[in-house]
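K.L.:
My structure is stored as structure-v7.cif, with mmCIF, C-alpha atoms and all ligand atoms.
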```
data_upload
loop_
_atom_site.label_atom_id
_atom_site.label_comp_id
_atom_site.auth_asym_id
_atom_site.auth_seq_id
_atom_site.Cartn_x
_atom_site.Cartn_y
_atom_site.Cartn_z
CA MET Z 1 18.15 -22.84 30.64
CA ALA Z 2 15.40 -24.21 32.87
CA HIS Z 3 12.61 -21.78 32.08
CA ASP Z 4 10.82 -20.44 29.02
CA ILE Z 5 12.26 -16.92 29.04
CA LYS Z 6 9.84 -15.60 26.43
CA LYS Z 7 6.87 -15.81 28.80
CA TYR Z 8 8.43 -13.03 30.91
CA GLY Z 9 8.36 -9.27 30.34
CA LEU Z 10 11.13 -7.44 28.47
CA THR Z 11 12.83 -6.19 31.65
CA SER Z 12 12.97 -9.73 33.05
CA GLN Z 13 14.24 -10.96 29.68
CA THR Z 14 17.14 -8.45 29.63
CA ILE Z 15 18.19 -9.69 33.06
CA HIS Z 16 17.81 -13.42 32.38
CA ALA Z 17 18.08 -14.15 28.63
CA GLY Z 18 21.43 -15.89 28.08
CA GLN Z 19 22.23 -15.20 31.75
CA TYR Z 20 21.38 -18.53 33.43
CA PRO Z 21 23.80 -19.90 36.06
CA ASP Z 22 26.80 -21.83 34.75
CA PRO Z 23 25.72 -25.51 34.61
CA THR Z 24 29.05 -26.84 35.93
CA THR Z 25 29.84 -24.45 38.81
CA GLY Z 26 26.59 -22.60 39.48
CA ALA Z 27 28.31 -19.24 38.90
CA VAL Z 28 25.54 -16.68 38.55
CA ALA Z 29 27.62 -14.29 36.44
CA PRO Z 30 28.53 -15.74 33.02
CA PRO Z 31 31.96 -17.40 32.82
CA LEU Z 32 34.46 -15.73 30.51
CA TYR Z 33 35.83 -18.34 28.08
CA GLN Z 34 38.86 -16.37 26.94
CA THR Z 35 40.15 -18.95 24.49
CA SER Z 36 40.75 -19.00 20.76
CA THR Z 37 40.30 -22.77 20.34
CA PHE Z 38 38.63 -25.81 21.94
CA ALA Z 39 40.18 -29.28 22.42
CA PHE Z 40 38.53 -32.36 20.90
CA LYS Z 41 38.42 -35.62 22.87
CA ASP Z 42 39.60 -37.53 19.81
CA CYS Z 43 39.75 -37.28 16.00
CA GLU Z 44 36.24 -38.66 15.66
CA GLU Z 45 34.82 -35.86 17.81
CA GLY Z 46 36.79 -33.19 15.88
CA ALA Z 47 35.55 -34.56 12.56
CA ALA Z 48 31.95 -34.77 13.85
CA ARG Z 49 32.03 -31.14 14.96
CA PHE Z 50 33.43 -29.95 11.64
CA ALA Z 51 30.82 -32.01 9.80
CA GLY Z 52 28.09 -30.39 11.91
CA LYS Z 53 27.07 -33.83 13.24
CA GLN Z 54 27.89 -33.00 16.84
CA ASP Z 55 27.23 -29.83 18.83
CA GLY Z 56 30.22 -28.22 20.47
CA TYR Z 57 32.78 -25.52 19.99
CA ILE Z 58 35.69 -25.61 17.52
CA TYR Z 59 37.36 -22.20 17.24
CA SER Z 60 36.26 -18.82 18.66
CA ARG Z 61 35.79 -17.08 15.30
CA MET Z 62 33.11 -19.71 14.62
CA GLY Z 63 31.53 -19.61 18.08
CA ASN Z 64 32.42 -19.15 21.74
CA PRO Z 65 30.27 -19.90 24.83
CA THR Z 66 30.53 -16.36 26.29
CA VAL Z 67 29.75 -14.76 22.93
CA ALA Z 68 26.90 -17.27 22.43
CA ARG Z 69 25.23 -16.07 25.63
CA LEU Z 70 25.19 -12.51 24.33
CA GLU Z 71 23.89 -13.67 20.93
CA GLU Z 72 21.12 -15.54 22.73
CA ALA Z 73 20.30 -12.53 24.93
CA VAL Z 74 19.96 -10.00 22.11
CA SER Z 75 18.18 -12.33 19.67
CA THR Z 76 15.69 -13.31 22.40
CA LEU Z 77 14.85 -9.66 23.06
CA GLU Z 78 14.53 -8.95 19.33
CA GLY Z 79 12.36 -12.03 18.74
CA GLY Z 80 14.84 -13.28 16.10
CA PHE Z 81 16.03 -16.76 15.15
CA CYS Z 82 19.59 -16.26 16.50
CA GLY Z 83 22.32 -13.62 16.75
CA PHE Z 84 25.74 -13.04 15.20
CA ALA Z 85 27.93 -10.86 17.40
CA THR Z 86 30.44 -8.62 15.64
CA GLY Z 87 33.36 -6.41 16.64
CA SER Z 88 31.44 -3.18 15.91
CA GLY Z 89 28.16 -1.87 14.52
CA MET Z 90 29.88 -1.25 11.18
CA ALA Z 91 31.01 -4.90 11.19
CA ALA Z 92 27.36 -5.90 11.76
CA LEU Z 93 26.30 -3.87 8.73
CA ASN Z 94 29.11 -5.13 6.49
CA THR Z 95 28.53 -8.75 7.54
CA THR Z 96 24.87 -8.39 6.56
CA LEU Z 97 25.74 -6.78 3.21
CA PHE Z 98 28.44 -9.42 2.54
CA ALA Z 99 25.94 -12.21 3.22
CA LEU Z 100 22.92 -10.87 1.34
CA LEU Z 101 24.26 -8.97 -1.68
CA ARG Z 102 26.07 -9.76 -4.91
CA SER Z 103 27.40 -7.66 -7.76
CA GLY Z 104 24.49 -6.26 -9.77
CA ASP Z 105 22.22 -5.90 -6.72
CA HIS Z 106 20.71 -2.61 -5.58
CA VAL Z 107 20.01 -1.25 -2.09
CA VAL Z 108 17.48 1.42 -1.07
CA GLY Z 109 18.36 3.12 2.21
CA THR Z 110 17.33 5.88 4.63
CA ASN Z 111 19.04 9.09 3.51
CA SER Z 112 19.99 10.12 7.04
CA VAL Z 113 21.45 6.83 8.29
CA TYR Z 114 24.60 7.05 10.40
CA GLY Z 115 27.11 8.74 8.03
CA PRO Z 116 29.58 5.83 7.57
CA SER Z 117 26.70 3.35 6.96
CA ARG Z 118 25.78 5.39 3.89
CA MET Z 119 29.37 6.15 2.90
CA VAL Z 120 30.44 2.49 2.89
CA LEU Z 121 27.61 1.64 0.48
CA GLU Z 122 28.11 4.66 -1.77
CA ARG Z 123 31.91 4.59 -1.84
CA ASP Z 124 33.00 1.00 -1.21
CA TRP Z 125 30.21 -1.46 -2.03
CA SER Z 126 29.64 0.47 -5.26
CA GLY Z 127 33.17 -0.64 -6.26
CA PHE Z 128 31.96 -4.25 -6.01
CA GLY Z 129 28.97 -3.55 -8.26
CA VAL Z 130 26.37 -2.94 -5.54
CA GLU Z 131 24.40 0.21 -6.28
CA SER Z 132 22.47 2.16 -3.68
CA THR Z 133 19.85 4.90 -3.58
CA PHE Z 134 19.20 6.88 -0.41
CA VAL Z 135 15.77 8.42 0.06
CA ASP Z 136 13.60 9.86 2.80
CA THR Z 137 12.14 6.61 4.18
CA SER Z 138 9.50 8.52 6.14
CA ASP Z 139 7.92 8.95 2.68
CA ALA Z 140 6.59 5.55 1.55
CA ALA Z 141 5.94 6.82 -1.99
CA ALA Z 142 9.59 7.90 -2.33
CA VAL Z 143 10.71 4.45 -1.18
CA GLU Z 144 8.39 2.69 -3.61
CA ALA Z 145 9.63 4.89 -6.46
CA ALA Z 146 13.27 4.04 -5.64
CA MET Z 147 12.75 0.26 -5.72
CA ARG Z 148 14.10 -1.46 -8.84
CA PRO Z 149 13.77 -5.02 -10.16
CA ASN Z 150 17.29 -5.72 -8.81
CA THR Z 151 16.67 -4.14 -5.36
CA LYS Z 152 17.58 -6.89 -2.89
CA LEU Z 153 17.70 -4.90 0.31
CA LEU Z 154 15.72 -2.07 1.90
CA PHE Z 155 17.88 -0.69 4.70
CA ILE Z 156 16.22 1.61 7.20
CA GLU Z 157 17.27 3.32 10.38
CA THR Z 158 14.33 4.39 12.55
CA PRO Z 159 14.58 6.71 14.37
CA ALA Z 160 17.34 7.88 12.05
CA ASN Z 161 20.68 9.34 13.06
CA PRO Z 162 20.54 12.37 13.62
CA THR Z 163 17.32 13.71 12.09
CA MET Z 164 15.02 11.59 14.29
CA ALA Z 165 12.88 10.87 11.21
CA LEU Z 166 10.89 7.64 11.50
CA ALA Z 167 10.08 5.01 8.90
CA ASP Z 168 6.90 2.96 9.20
CA ILE Z 169 8.38 -0.54 9.59
CA GLU Z 170 5.18 -2.42 8.62
CA GLU Z 171 4.80 -0.28 5.50
CA MET Z 172 8.51 -0.73 4.63
CA SER Z 173 8.11 -4.49 5.04
CA ARG Z 174 5.15 -4.49 2.63
CA ILE Z 175 7.13 -2.50 0.04
CA ALA Z 176 10.18 -4.77 0.39
CA LYS Z 177 8.12 -7.97 0.09
CA LYS Z 178 6.27 -6.68 -2.99
CA SER Z 179 9.66 -6.08 -4.67
CA GLY Z 180 11.22 -9.36 -3.52
CA ALA Z 181 13.70 -7.47 -1.31
CA LEU Z 182 14.67 -8.08 2.32
CA LEU Z 183 14.12 -5.47 5.03
CA LEU Z 184 17.12 -4.64 7.25
CA VAL Z 185 16.42 -2.39 10.25
CA ASP Z 186 19.15 -0.67 12.27
CA ASN Z 187 17.51 -0.71 15.72
CA THR Z 188 20.38 1.00 17.56
CA PHE Z 189 18.42 4.11 18.60
CA ALA Z 190 15.26 2.39 19.85
CA THR Z 191 16.63 -0.93 21.18
CA PRO Z 192 14.25 -3.91 21.55
CA ILE Z 193 12.92 -2.29 24.74
CA LEU Z 194 11.16 0.37 22.64
CA GLN Z 195 10.77 -1.26 19.23
CA ARG Z 196 10.82 -4.84 17.90
CA PRO Z 197 11.18 -4.62 14.11
CA ILE Z 198 10.92 -8.40 13.51
CA ASP Z 199 7.38 -8.35 14.99
CA LEU Z 200 6.58 -5.67 12.37
CA GLY Z 201 7.96 -7.62 9.40
CA ALA Z 202 11.73 -6.94 9.36
CA ASP Z 203 13.93 -9.76 8.01
CA VAL Z 204 17.16 -8.74 9.74
CA VAL Z 205 17.83 -6.39 12.66
CA MET Z 206 21.28 -4.91 13.32
CA HIS Z 207 22.74 -3.00 16.23
CA SER Z 208 25.67 -0.92 17.17
CA MET Z 209 25.88 -2.42 20.67
CA THR Z 210 28.45 0.30 21.39
CA LYS Z 211 25.38 2.34 22.30
CA PHE Z 212 22.42 1.48 24.57
CA ILE Z 213 22.92 -2.30 24.63
CA ASN Z 214 26.28 -1.99 26.35
CA GLY Z 215 25.54 1.39 27.87
CA ALA Z 216 28.80 1.94 29.73
CA THR Z 217 30.65 3.80 26.92
CA ASP Z 218 33.56 1.37 27.23
CA VAL Z 219 33.08 -1.13 24.37
CA VAL Z 220 32.63 -1.00 20.57
CA ALA Z 221 30.42 -3.90 19.43
CA GLY Z 222 27.68 -4.98 17.01
CA MET Z 223 25.03 -7.63 16.43
CA VAL Z 224 23.10 -9.08 13.48
CA VAL Z 225 19.76 -10.79 14.24
CA PRO Z 226 18.07 -12.66 11.38
CA ALA Z 227 14.35 -13.36 11.71
CA THR Z 228 14.44 -16.85 10.22
CA GLU Z 229 16.54 -20.01 10.10
CA GLU Z 230 16.88 -19.64 6.33
CA LEU Z 231 18.47 -16.19 6.71
CA ALA Z 232 20.64 -17.45 9.58
CA ARG Z 233 21.95 -20.17 7.22
CA ARG Z 234 22.91 -17.49 4.68
CA ILE Z 235 24.60 -15.20 7.22
CA ARG Z 236 26.44 -17.78 9.40
CA PRO Z 237 29.24 -18.81 6.96
CA LYS Z 238 29.78 -15.19 5.85
CA HIS Z 239 30.15 -14.14 9.49
CA TYR Z 240 32.95 -16.74 9.83
CA TYR Z 241 34.66 -15.87 6.56
CA LEU Z 242 34.51 -12.09 6.91
CA GLY Z 243 36.09 -12.50 10.33
CA ALA Z 244 33.96 -9.75 11.84
CA CYS Z 245 33.57 -11.77 15.04
CA MET Z 246 33.51 -10.66 18.66
CA ASP Z 247 36.15 -11.27 21.28
CA PRO Z 248 34.87 -13.17 24.38
CA HIS Z 249 35.98 -10.41 26.75
CA GLN Z 250 34.07 -7.86 24.70
CA ALA Z 251 30.98 -10.12 24.90
CA TRP Z 252 31.39 -10.54 28.66
CA LEU Z 253 31.41 -6.76 29.14
CA VAL Z 254 28.37 -6.26 26.92
CA LEU Z 255 26.48 -9.03 28.79
CA ARG Z 256 27.12 -7.02 31.94
CA GLY Z 257 25.63 -3.91 30.39
CA PHE Z 258 22.73 -5.74 28.80
CA LYS Z 259 21.25 -6.71 32.19
CA THR Z 260 20.45 -3.05 32.91
CA LEU Z 261 19.30 -2.12 29.38
CA ALA Z 262 15.61 -1.73 30.23
CA LEU Z 263 16.36 0.30 33.37
CA ARG Z 264 18.75 2.64 31.54
CA VAL Z 265 16.49 3.11 28.53
CA ARG Z 266 13.58 4.07 30.78
CA ALA Z 267 15.66 6.39 32.99
CA SER Z 268 17.26 8.22 30.06
CA GLN Z 269 13.93 8.44 28.25
CA GLU Z 270 12.28 9.98 31.32
CA ASN Z 271 15.02 12.64 31.31
CA ALA Z 272 14.75 13.13 27.53
CA VAL Z 273 11.00 13.88 27.75
CA LYS Z 274 11.75 16.69 30.24
CA VAL Z 275 14.78 18.03 28.35
CA ALA Z 276 12.91 18.04 25.00
CA SER Z 277 10.07 20.12 26.51
CA TYR Z 278 12.60 22.47 28.10
CA LEU Z 279 14.43 22.95 24.79
CA GLU Z 280 11.20 23.49 22.86
CA GLU Z 281 10.29 26.37 25.18
CA ASN Z 282 13.76 27.93 25.11
CA PRO Z 283 13.90 31.23 23.19
CA HIS Z 284 17.31 30.39 21.63
CA VAL Z 285 15.96 27.21 20.02
CA GLU Z 286 14.63 27.27 16.46
CA TRP Z 287 13.18 23.74 16.49
CA VAL Z 288 13.38 20.46 18.39
CA ARG Z 289 12.95 17.02 16.80
CA TYR Z 290 11.92 14.39 19.37
CA PRO Z 291 9.35 11.64 18.68
CA GLY Z 292 7.78 12.29 22.09
CA LEU Z 293 6.81 15.87 21.20
CA LYS Z 294 3.55 16.67 19.42
CA SER Z 295 5.60 18.87 17.07
CA HIS Z 296 7.40 15.79 15.64
CA PRO Z 297 5.92 15.21 12.18
CA GLN Z 298 5.53 11.50 12.96
CA HIS Z 299 4.43 11.73 16.57
CA ALA Z 300 1.44 9.43 15.85
CA LEU Z 301 3.63 6.81 14.13
CA ALA Z 302 6.05 6.93 17.09
CA ALA Z 303 3.17 6.28 19.49
CA ARG Z 304 1.99 3.34 17.35
CA GLN Z 305 5.31 1.75 16.47
CA MET Z 306 7.44 2.44 19.54
CA LYS Z 307 6.84 1.76 23.24
CA GLY Z 308 8.41 5.14 24.05
CA PRO Z 309 10.16 8.04 22.30
CA GLY Z 310 13.70 7.15 23.45
CA ALA Z 311 16.60 9.30 24.61
CA LEU Z 312 17.86 10.99 21.41
CA ILE Z 313 16.93 14.57 20.61
CA SER Z 314 18.06 16.82 17.81
CA PHE Z 315 17.59 20.56 17.83
CA CYS Z 316 18.71 23.65 15.99
CA LEU Z 317 19.52 27.04 17.48
CA LYS Z 318 18.23 30.33 16.05
CA GLY Z 319 21.85 31.49 15.87
CA GLY Z 320 22.73 28.49 13.62
CA LEU Z 321 26.15 26.90 13.62
CA ASP Z 322 27.96 29.68 15.55
CA ALA Z 323 25.43 29.59 18.37
CA GLY Z 324 25.64 25.79 18.39
CA ARG Z 325 29.43 25.94 18.75
CA THR Z 326 29.16 28.39 21.65
CA LEU Z 327 26.64 26.12 23.35
CA LEU Z 328 28.73 22.97 22.86
CA ASP Z 329 31.91 24.67 24.05
CA ASN Z 330 30.25 25.76 27.29
CA VAL Z 331 28.60 22.59 28.59
CA ASP Z 332 29.93 21.30 31.87
CA LEU Z 333 28.05 18.19 33.07
CA MET Z 334 27.27 17.08 29.52
CA THR Z 335 30.16 15.75 27.48
CA LEU Z 336 31.07 16.98 24.00
CA ALA Z 337 31.57 13.62 22.28
CA VAL Z 338 30.12 11.48 19.51
CA SER Z 339 28.34 8.17 20.24
CA LEU Z 340 25.12 7.80 22.19
CA GLY Z 341 23.19 5.43 24.42
CA GLY Z 342 25.61 5.64 27.33
CA ILE Z 343 24.75 6.32 30.94
CA GLU Z 344 26.16 9.85 30.52
CA THR Z 345 24.68 12.66 28.42
CA LEU Z 346 26.63 13.27 25.20
CA ILE Z 347 26.22 16.22 22.86
CA GLN Z 348 27.71 16.61 19.37
CA HIS Z 349 27.50 18.49 16.09
CA PRO Z 350 26.76 16.02 13.22
CA SER Z 351 27.73 18.30 10.28
CA SER Z 352 31.30 18.64 11.55
CA MET Z 353 31.51 15.28 13.33
CA THR Z 354 29.49 12.04 12.71
CA HIS Z 355 28.20 13.12 9.27
CA ALA Z 356 31.15 15.26 8.15
CA ALA Z 357 32.19 12.73 5.47
CA MET Z 358 28.88 13.26 3.64
CA PRO Z 359 28.92 15.98 0.96
CA ARG Z 360 27.09 19.08 2.31
CA GLU Z 361 24.47 18.87 -0.47
CA GLU Z 362 23.57 15.28 0.55
CA ARG Z 363 23.53 16.27 4.21
CA LEU Z 364 21.08 19.10 3.59
CA GLN Z 365 18.88 16.85 1.42
CA ALA Z 366 18.80 14.38 4.29
CA GLY Z 367 17.70 17.13 6.70
CA ILE Z 368 21.04 17.47 8.49
CA GLU Z 369 21.26 21.25 8.70
CA ASP Z 370 24.56 22.93 9.58
CA GLY Z 371 23.15 24.13 12.91
CA LEU Z 372 21.68 20.76 13.99
CA VAL Z 373 22.87 19.60 17.41
CA ARG Z 374 22.38 15.99 18.53
CA LEU Z 375 21.80 15.26 22.17
CA ALA Z 376 21.98 11.73 23.62
CA VAL Z 377 20.36 12.11 27.02
CA GLY Z 378 21.83 10.00 29.81
CA CYS Z 379 20.72 8.98 33.29
CA GLU Z 380 21.94 11.96 35.36
CA ASP Z 381 19.41 14.00 37.39
CA SER Z 382 17.25 15.78 34.82
CA ALA Z 383 17.46 19.04 36.80
CA ASP Z 384 21.26 18.98 36.42
CA ILE Z 385 21.06 18.48 32.63
CA ILE Z 386 18.62 21.38 32.34
CA ALA Z 387 20.78 23.58 34.61
CA ASP Z 388 23.78 22.74 32.41
CA PHE Z 389 21.82 23.96 29.36
CA GLU Z 390 20.71 27.12 31.21
CA ASN Z 391 24.33 27.94 31.97
CA ALA Z 392 25.58 27.16 28.44
CA PHE Z 393 22.72 29.19 26.89
CA SER Z 394 23.75 32.20 29.03
CA PHE Z 395 26.89 32.50 26.84
CA LEU Z 396 24.60 33.29 23.87
CA ARG Z 397 23.14 36.42 25.46
N1 LIG Z 401 24.31 2.41 13.41
C1 LIG Z 401 24.01 3.51 14.10
C2 LIG Z 401 22.59 3.97 14.18
C3 LIG Z 401 25.01 4.24 14.72
O1 LIG Z 401 24.69 5.33 15.41
C4 LIG Z 401 26.36 3.80 14.60
C5 LIG Z 401 27.49 4.55 15.22
C6 LIG Z 401 26.63 2.64 13.87
C7 LIG Z 401 25.58 1.97 13.29
C8 LIG Z 401 28.03 2.09 13.74
O2 LIG Z 401 28.37 1.45 14.93
P1 LIG Z 401 29.86 1.30 15.50
O3 LIG Z 401 30.66 0.61 14.46
O4 LIG Z 401 30.36 2.66 15.81
O5 LIG Z 401 29.65 0.45 16.73
N2 LIG Z 401 27.15 5.83 15.61
C9 LIG Z 401 27.92 6.75 16.10
C10 LIG Z 401 27.49 8.05 16.39
O6 LIG Z 401 26.36 8.48 16.19
N3 LIG Z 401 28.47 8.73 16.92
O7 LIG Z 401 29.63 7.99 16.95
C11 LIG Z 401 29.35 6.68 16.43
#
```
Would you write the structure of this file as structure tokens?

P.N.:
Amino acid sequence: MAHDIKKYGLTSQTIHAGQYPDPTTGAVAPPLYQTSTFAFKDCEEGAARFAGKQDGYIYSRMGNPTVARLEEAVSTLEGGFCGFATGSGMAALNTTLFALLRSGDHVVGTNSVYGPSRMVLERDWSGFGVESTFVDTSDAAAVEAAMRPNTKLLFIETPANPTMALADIEEMSRIAKKSGALLLVDNTFATPILQRPIDLGADVVMHSMTKFINGATDVVAGMVVPATEELARRIRPKHYYLGACMDPHQAWLVLRGFKTLALRVRASQENAVKVASYLEENPHVEWVRYPGLKSHPQHALAARQMKGPGALISFCLKGGLDAGRTLLDNVDLMTLAVSLGGIETLIQHPSSMTHAAMPREERLQAGIEDGLVRLAVGCEDSADIIADFENAFSFLR
């Protein structure tokens, strides 16, 4: 790379980080190195690479030039030390847990994280002796009260899925440091375009790149970005051994999507601002939770911590679950599907879909009411999204 990419703005960085022309052919688009292994010139070179005395590739689970470009791109945008690409967002979470936790350790997490992120800790990591406590991380006192002498990780999702509750990253970092714990932030909803947790004190950032980072709704992928070399040293061997690596073709596709990340985030956010105001004024709607609205309990924190309110909205209808079902069954342009962060608008019902595995009691405690609808606003014409709602709402009359 000829230039210092970090001197440029975030939009320029998404287009150019890890995306320099191929040094051998000049190809502007990144070459796809679809190979599992790399030949050594001789035994000496092979031994030197294994001993870490010579740079170069060995085997694609341990590193691949196409995957490395994506790792460089995302870690540059996040301001991290490096990146570890994984086959999914869940693989990014489990790689981080595998690297940083041991039996006897304790985790404090956001109570309304993506359902399976909580379930895997409560149901599976608990079997390996890792305990976890999930609290409302928008309440710093509740977080502080949950920390124990053996708490090694504070795991927050902000904005959280699907309540849109925020956690104050700087405050969470202070609490974690005081307890000798690391702070892990799932930055899937905001992306580095709107929020850079490492600048605010996070130790590790993770992503489901299935969402905004790829943006085309055609790949499942994840990324772990440690803030420091010391953390990278702890995570790197575990990433190899867990085998939660990324295929080069998957990386090539995500690199393609990454170039337009800033443009897509801004376009979908512009739509979301309009749709959130429309929903808030709609007589069928009980409440709307969107960080860009003054009615969001943490509107001021959103303005301080984020560069924009993003493209995710949750809302609840006055008619509760039944009204929500009628609405979801009658959308036309919007698509009834889980996931988020794609170019197209997706709408879903967390209690029966993404968060259905959580016991109802836990869901309600986490603010996931039965009637809550989650909307991931895409890049269509905002007037068409609003017209689609108008039509679907007409079935409630
Ligand atoms: N973190 C967040 C915030 C997520 O929303 C998801 C998936 C994950 C991690 C896991 O990533 P994956 O392994 O799927 O790449 N969220 C989904 C959702 O809200 N609907 O479907 C999947």

K.L.:
With all atoms listed in the file as the basis for distance, which of Z:Ser126, Z:Ser75, Z:Thr95, Z:Ser132 is at the shortest distance from ligand LIG 401 (chain Z)?

P.N.:
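Between Z:Ser126, Z:Ser75, Z:Thr95, Z:Ser132, the residue approaching ligand LIG 401 (chain Z) most closely is Z:Thr95.
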
K.L.:
Take atom CA of Phe98 of chain Z and atom CA of Val224 of chain Z and report the distance between them in Å, one decimal.

P.N.:
12.2 Å

K.L.:
What are the centre and edge lengths in Å, to one decimal, of the axis-aligned box around all listed atoms of ligand LIG 401 (chain Z) with 4 Å added on each side, as lines of an AutoDock Vina configuration file?

P.N.:
```
center_x = 26.6
center_y = 4.6
center_z = 15.1
size_x = 16.1
size_y = 16.3
size_z = 11.7
```

K.L.:
Taking only C-alpha atoms and all ligand atoms into account, report as number ranges by chain which residues have an atom no farther than 7 Å from an atom of ligand LIG 401 (chain Z).

P.N.:
Z: 88-91, 113-114, 117, 157, 160-161, 186, 188-189, 207-210, 220-222, 338-340, 354

K.L.:
What is the distance, in Å and to one decimal place, between atom CA of Ala251 of chain Z and atom CA of Arg236 of chain Z?

P.N.:
17.9 Å

K.L.:
Report, in Å to a single decimal, how far apart atom CA of Phe393 of chain Z and atom CA of Thr335 of chain Z are.

P.N.:
15.4 Å
